[in-house]
Amino acid sequence: MAFLPSWVCVLVGCFSVSLAGPSNLSDLEPPLWKDSPGQLSDYRVENSMYIINPWVYLERMGMYKILLNQTARYFAKFAPENEQNILWGLPLQYGWQYRTGRLADPTRRTNCGYESGDLMCVSVDSWWADLNYFLCSLPFLAAVDSGIMGISSDQVNLLPPPKNQRKFCYNVSSCHSSFPETMSKWNIFYQHLQSPFSKFDDLLKYLWTAHTSTLADTIKSFEDRDMDESGKHHPQQTDTRAENETPHILTHRYDYYSKTEAHFERSWVVAVEYIAAVHFPTTLIRTYNFQKGLPPRILVTTDVAPFINDFTTFQNVVLLLLNMLGNMDKSTGYLCTEKPNEYSSHLESSSRDYGNNS
């Protein structure tokens with residue numbers, strides 16, 4: 001396995017390649033950014049509490065937009081127009097999921113997320129949408145808790161999805177209760193962000209620490225085959241049920257997708273660990289260019305990288321590398337059990353080299 005660090009450098013370097021982008025920064029913004037709420041008062045208010053429905057695309061995107069707006073003053077010292085705000089990676093990833101159809105109902109039992117139905121709907125059955133929920137709600141609510149939003153911690157409440165409500169948290173209090181360590185890490189990031197002595201590289205470190213903690217804390221809850229709607233576990237599958245017995249959910253989110261897409265999802269989580277280890281700068285331009293390498297649609301069974309006709313060469317190469325990374329993890333367990341941080345210095349150096357040559 002000695003070749004692994006250098007091999008991962010190829011992947012990180014591929015992501016770090018700088019591609020020419022539009023000169024107007026507004027052209028890089030996520031889909032419907034301008035149509036999304038830009039301040040808390042744009043949401044419904046009940047009893048002095050802001051009510052947000054994160055299962056509507058624009059309302060969840062608005063949470064990101066407010067977060068970017070409220071933190072802009074802390075990044076002004078690094079670059080104008082909020083371009084160096086490292087929180088851009090969150091809404092841009094969410095926007096990519098929307099643009100590529102990954103927020104829609106993968107079971108197709110509903111019209112949630114489809115042009116023929118409710119295009120703004122975010123499906124609770126979507127693996128991507130569920131993980132993104134926590135990569136939106138936890139940093140947003142932690143920002144509220146840290147005082148950045150200028151309101152008290154009990155003034156925001158998120159609405160639940162139509163099912164699987166127990167898998168999620170909905171306000172500062174419940175998220176602290178469910179994910180205390182991760183919420184603490186987001187709070188630490190905001191504490192350093194508000195310091196006049198904060199350095200860009202340090203902020204990246206704290207951001208990625210909170211980001212990877214969010215994934216580690218939440219991903220397993222969407223891979224559980226034996227849970228019913230009440231949140232109870234059922235260790236054995238049965239084919240016969242009493243007439244009034246609660247139906248068991250005997251699939252996890254991966255089962256809703258083609259094997260090719262499910263493999264990409266698993267590989268993506270592994271890749272994020274290494275992207276985090278090199279402290280990839282999730283600024284507006286860097287993230288926009290980075291996402292040019294991601295699949296432009298949901299993968300189907302017949303998709304075999306690097307031979308997908310409607311993908312660019314860059315997208316084919318990136319998907320091939322991600323698949324190789326996922327295969328390595330699946331066959332050895334090496335990437336999951338070894339800490340990527342042990343290669344951090346080596347990878348950071350490689351990433352800088354790619355950046356300097358771009």
# chains A, B, ... in the order shown; residues from 1 in each chain; ligands from 1
>>> closest_atom_pairs(of="region 204-224 of chain A", to="region 176-180 of chain A", cutoff="10 Å", atoms="only C-alpha atoms", output="tab-separated table")
residue	atom	partner	partner_atom	distance
A:Ser213	CA	A:Phe179	CA	9.5
A:Thr214	CA	A:Phe179	CA	8.4
A:Asp217	CA	A:Phe179	CA	7.1
A:Thr218	CA	A:Phe179	CA	8.6
>>> residues_around(residues="Val269 (chain A)", least_positions_apart="6", cutoff="10 Å", atoms="only C-alpha atoms", output="PyMOL selection string")
chain A and resi 212+215-216+219+275+322+326
>>> write_last_selection(atoms="N, CA and C atoms", output="PDB file, in the first residue's frame")
ATOM      1  N   THR A 212     -16.025  17.209   8.118  1.00  0.00           N
ATOM      2  CA  THR A 212     -15.857  15.758   8.168  1.00  0.00           C
ATOM      3  C   THR A 212     -16.530  15.162   9.399  1.00  0.00           C
ATOM      4  N   LEU A 215     -20.203  14.631   8.465  1.00  0.00           N
ATOM      5  CA  LEU A 215     -20.424  13.414   7.680  1.00  0.00           C
ATOM      6  C   LEU A 215     -20.315  12.168   8.549  1.00  0.00           C
ATOM      7  N   ALA A 216     -19.275  12.104   9.372  1.00  0.00           N
ATOM      8  CA  ALA A 216     -19.070  10.921  10.210  1.00  0.00           C
ATOM      9  C   ALA A 216     -20.216  10.728  11.195  1.00  0.00           C
ATOM     10  N   ILE A 219     -23.870  10.034   8.515  1.00  0.00           N
ATOM     11  CA  ILE A 219     -24.040   9.182   7.340  1.00  0.00           C
ATOM     12  C   ILE A 219     -24.605   7.811   7.677  1.00  0.00           C
ATOM     13  N   ILE A 275      -9.781  15.192   0.466  1.00  0.00           N
ATOM     14  CA  ILE A 275      -9.897  16.607   0.118  1.00  0.00           C
ATOM     15  C   ILE A 275      -9.785  17.449   1.383  1.00  0.00           C
ATOM     16  N   LEU A 322     -12.196   8.522  -8.869  1.00  0.00           N
ATOM     17  CA  LEU A 322     -13.062   8.319  -7.707  1.00  0.00           C
ATOM     18  C   LEU A 322     -13.467   6.855  -7.573  1.00  0.00           C
ATOM     19  N   GLY A 326     -12.745   4.357  -4.495  1.00  0.00           N
ATOM     20  CA  GLY A 326     -13.794   3.589  -3.833  1.00  0.00           C
ATOM     21  C   GLY A 326     -13.515   2.099  -3.847  1.00  0.00           C
TER      22      GLY A 326
END
>>> residues_around(residues="Gln291 (chain A)", least_positions_apart="6", cutoff="10 Å", atoms="only C-alpha atoms", output="list in words")
Phe15, Gly89, Leu92, Gln93, Trp96 and Gln315 of chain A
>>> write_last_selection(atoms="N, CA and C atoms", output="mmCIF file, in the first residue's frame")
data_model
loop_
_atom_site.group_PDB
_atom_site.id
_atom_site.type_symbol
_atom_site.label_atom_id
_atom_site.label_comp_id
_atom_site.auth_asym_id
_atom_site.auth_seq_id
_atom_site.Cartn_x
_atom_site.Cartn_y
_atom_site.Cartn_z
ATOM 1 N N PHE A 15 -8.378 17.512 -8.959
ATOM 2 C CA PHE A 15 -9.384 18.435 -8.448
ATOM 3 C C PHE A 15 -8.848 19.857 -8.363
ATOM 4 N N GLY A 89 -18.259 26.479 -0.583
ATOM 5 C CA GLY A 89 -18.318 25.077 -0.978
ATOM 6 C C GLY A 89 -19.646 24.419 -0.662
ATOM 7 N N LEU A 92 -22.514 25.664 -3.222
ATOM 8 C CA LEU A 92 -22.164 25.228 -4.572
ATOM 9 C C LEU A 92 -22.366 23.726 -4.734
ATOM 10 N N GLN A 93 -22.041 22.957 -3.709
ATOM 11 C CA GLN A 93 -22.280 21.517 -3.767
ATOM 12 C C GLN A 93 -23.784 21.219 -3.799
ATOM 13 N N TRP A 96 -25.022 21.962 -7.233
ATOM 14 C CA TRP A 96 -24.663 20.885 -8.167
ATOM 15 C C TRP A 96 -25.628 19.708 -8.017
ATOM 16 N N GLN A 315 -14.443 15.138 -16.729
ATOM 17 C CA GLN A 315 -15.417 14.435 -15.895
ATOM 18 C C GLN A 315 -15.182 12.929 -15.910
#
>>> residues_around(residues="Asn187 (chain A)", least_positions_apart="6", cutoff="12 Å", atoms="only C-alpha atoms", output="PyMOL selection string")
chain A and resi 138-148+172+176+180-181+193-194+206-207+209-211
>>> atom_distance(atom1="CA of Arg102 (chain A)", atom2="CA of Trp128 (chain A)")
6.3 Å
>>> residues_around(residues="region 24-29 of chain A", least_positions_apart="2", cutoff="9 Å", atoms="only C-alpha atoms", output="JSON, numbers by chain")
{"A": [21, 22, 31, 32, 33, 34, 81, 83, 88, 91, 92, 95, 284, 285, 288]}
>>> closest_atom_pairs(of="region 48-154 of chain A", to="region 164-170 of chain A", cutoff="9 Å", atoms="only C-alpha atoms", output="JSON lines")
{"residue": "A:Val124", "atom": "CA", "partner": "A:Asn164", "partner_atom": "CA", "distance": 7.8}
{"residue": "A:Asp130", "atom": "CA", "partner": "A:Phe168", "partner_atom": "CA", "distance": 8.9}
{"residue": "A:Tyr133", "atom": "CA", "partner": "A:Phe168", "partner_atom": "CA", "distance": 8.4}
{"residue": "A:Phe134", "atom": "CA", "partner": "A:Phe168", "partner_atom": "CA", "distance": 8.1}
{"residue": "A:Ser137", "atom": "CA", "partner": "A:Tyr170", "partner_atom": "CA", "distance": 7.8}
{"residue": "A:Leu138", "atom": "CA", "partner": "A:Cys169", "partner_atom": "CA", "distance": 8.8}
{"residue": "A:Leu141", "atom": "CA", "partner": "A:Tyr170", "partner_atom": "CA", "distance": 8.9}
>>> write_last_selection(atoms="N, CA and C atoms", output="PDB file, in the first residue's frame")
ATOM      1  N   VAL A 124     -36.787  13.540   0.810  1.00  0.00           N
ATOM      2  CA  VAL A 124     -36.191  12.920   1.985  1.00  0.00           C
ATOM      3  C   VAL A 124     -35.647  11.534   1.653  1.00  0.00           C
ATOM      4  N   ASP A 130     -30.326  14.144   2.017  1.00  0.00           N
ATOM      5  CA  ASP A 130     -30.305  13.893   3.456  1.00  0.00           C
ATOM      6  C   ASP A 130     -28.965  14.279   4.073  1.00  0.00           C
ATOM      7  N   TYR A 133     -28.664  17.946   4.137  1.00  0.00           N
ATOM      8  CA  TYR A 133     -29.473  18.573   5.192  1.00  0.00           C
ATOM      9  C   TYR A 133     -28.596  18.935   6.388  1.00  0.00           C
ATOM     10  N   PHE A 134     -27.754  18.003   6.793  1.00  0.00           N
ATOM     11  CA  PHE A 134     -26.906  18.246   7.962  1.00  0.00           C
ATOM     12  C   PHE A 134     -25.748  19.184   7.645  1.00  0.00           C
ATOM     13  N   SER A 137     -28.008  22.463   7.906  1.00  0.00           N
ATOM     14  CA  SER A 137     -28.633  22.809   9.184  1.00  0.00           C
ATOM     15  C   SER A 137     -27.611  22.985  10.306  1.00  0.00           C
ATOM     16  N   LEU A 138     -26.620  22.102  10.398  1.00  0.00           N
ATOM     17  CA  LEU A 138     -25.670  22.202  11.510  1.00  0.00           C
ATOM     18  C   LEU A 138     -24.796  23.456  11.422  1.00  0.00           C
ATOM     19  N   LEU A 141     -27.269  26.523  12.060  1.00  0.00           N
ATOM     20  CA  LEU A 141     -27.732  26.665  13.439  1.00  0.00           C
ATOM     21  C   LEU A 141     -26.571  26.965  14.389  1.00  0.00           C
TER      22      LEU A 141
END
>>> select_by_dssp(residues="region 18-203 of chain A", states="strand (DSSP E)", output="PyMOL selection string")
chain A and resi 44-46+49-52+156-158
>>> select_by_dssp(residues="region 65-98 of chain A", states="helix (DSSP H, G or I)", output="VMD selection string")
chain A and resid 65 to 75 80 to 82 86 to 98
>>> atom_distance(atom1="CA of Val318 (chain A)", atom2="CA of Ser126 (chain A)")
22.8 Å
>>> atom_distance(atom1="CA of Val278 (chain A)", atom2="CA of Lys205 (chain A)")
9.0 Å
>>> decode(residues="region 60-84 of chain A", atoms="C-alpha atoms", output="PDB file, in the first residue's frame")
ATOM      1  CA  ARG A  60     -32.561  25.611   2.037  1.00  0.00           C
ATOM      2  CA  MET A  61     -30.459  27.609  -0.413  1.00  0.00           C
ATOM      3  CA  GLY A  62     -31.566  30.729   1.434  1.00  0.00           C
ATOM      4  CA  MET A  63     -30.000  29.358   4.615  1.00  0.00           C
ATOM      5  CA  TYR A  64     -26.686  29.153   2.787  1.00  0.00           C
ATOM      6  CA  LYS A  65     -27.127  32.605   1.276  1.00  0.00           C
ATOM      7  CA  ILE A  66     -27.782  34.175   4.674  1.00  0.00           C
ATOM      8  CA  LEU A  67     -24.784  32.325   6.100  1.00  0.00           C
ATOM      9  CA  LEU A  68     -22.558  33.680   3.312  1.00  0.00           C
ATOM     10  CA  ASN A  69     -23.960  37.191   3.749  1.00  0.00           C
ATOM     11  CA  GLN A  70     -23.517  37.223   7.514  1.00  0.00           C
ATOM     12  CA  THR A  71     -19.943  35.914   7.394  1.00  0.00           C
ATOM     13  CA  ALA A  72     -18.812  38.093   4.473  1.00  0.00           C
ATOM     14  CA  ARG A  73     -17.336  40.774   6.732  1.00  0.00           C
ATOM     15  CA  TYR A  74     -14.900  38.284   8.236  1.00  0.00           C
ATOM     16  CA  PHE A  75     -13.488  37.318   4.835  1.00  0.00           C
ATOM     17  CA  ALA A  76     -13.217  40.861   3.462  1.00  0.00           C
ATOM     18  CA  LYS A  77      -9.573  41.022   4.550  1.00  0.00           C
ATOM     19  CA  PHE A  78      -8.708  38.121   2.235  1.00  0.00           C
ATOM     20  CA  ALA A  79     -10.360  39.313  -1.010  1.00  0.00           C
ATOM     21  CA  PRO A  80     -13.158  41.593  -2.253  1.00  0.00           C
ATOM     22  CA  GLU A  81     -16.720  40.540  -3.140  1.00  0.00           C
ATOM     23  CA  ASN A  82     -16.745  37.679  -0.612  1.00  0.00           C
ATOM     24  CA  GLU A  83     -14.931  35.449  -3.128  1.00  0.00           C
ATOM     25  CA  GLN A  84     -12.581  34.013  -0.496  1.00  0.00           C
TER      26      GLN A  84
END
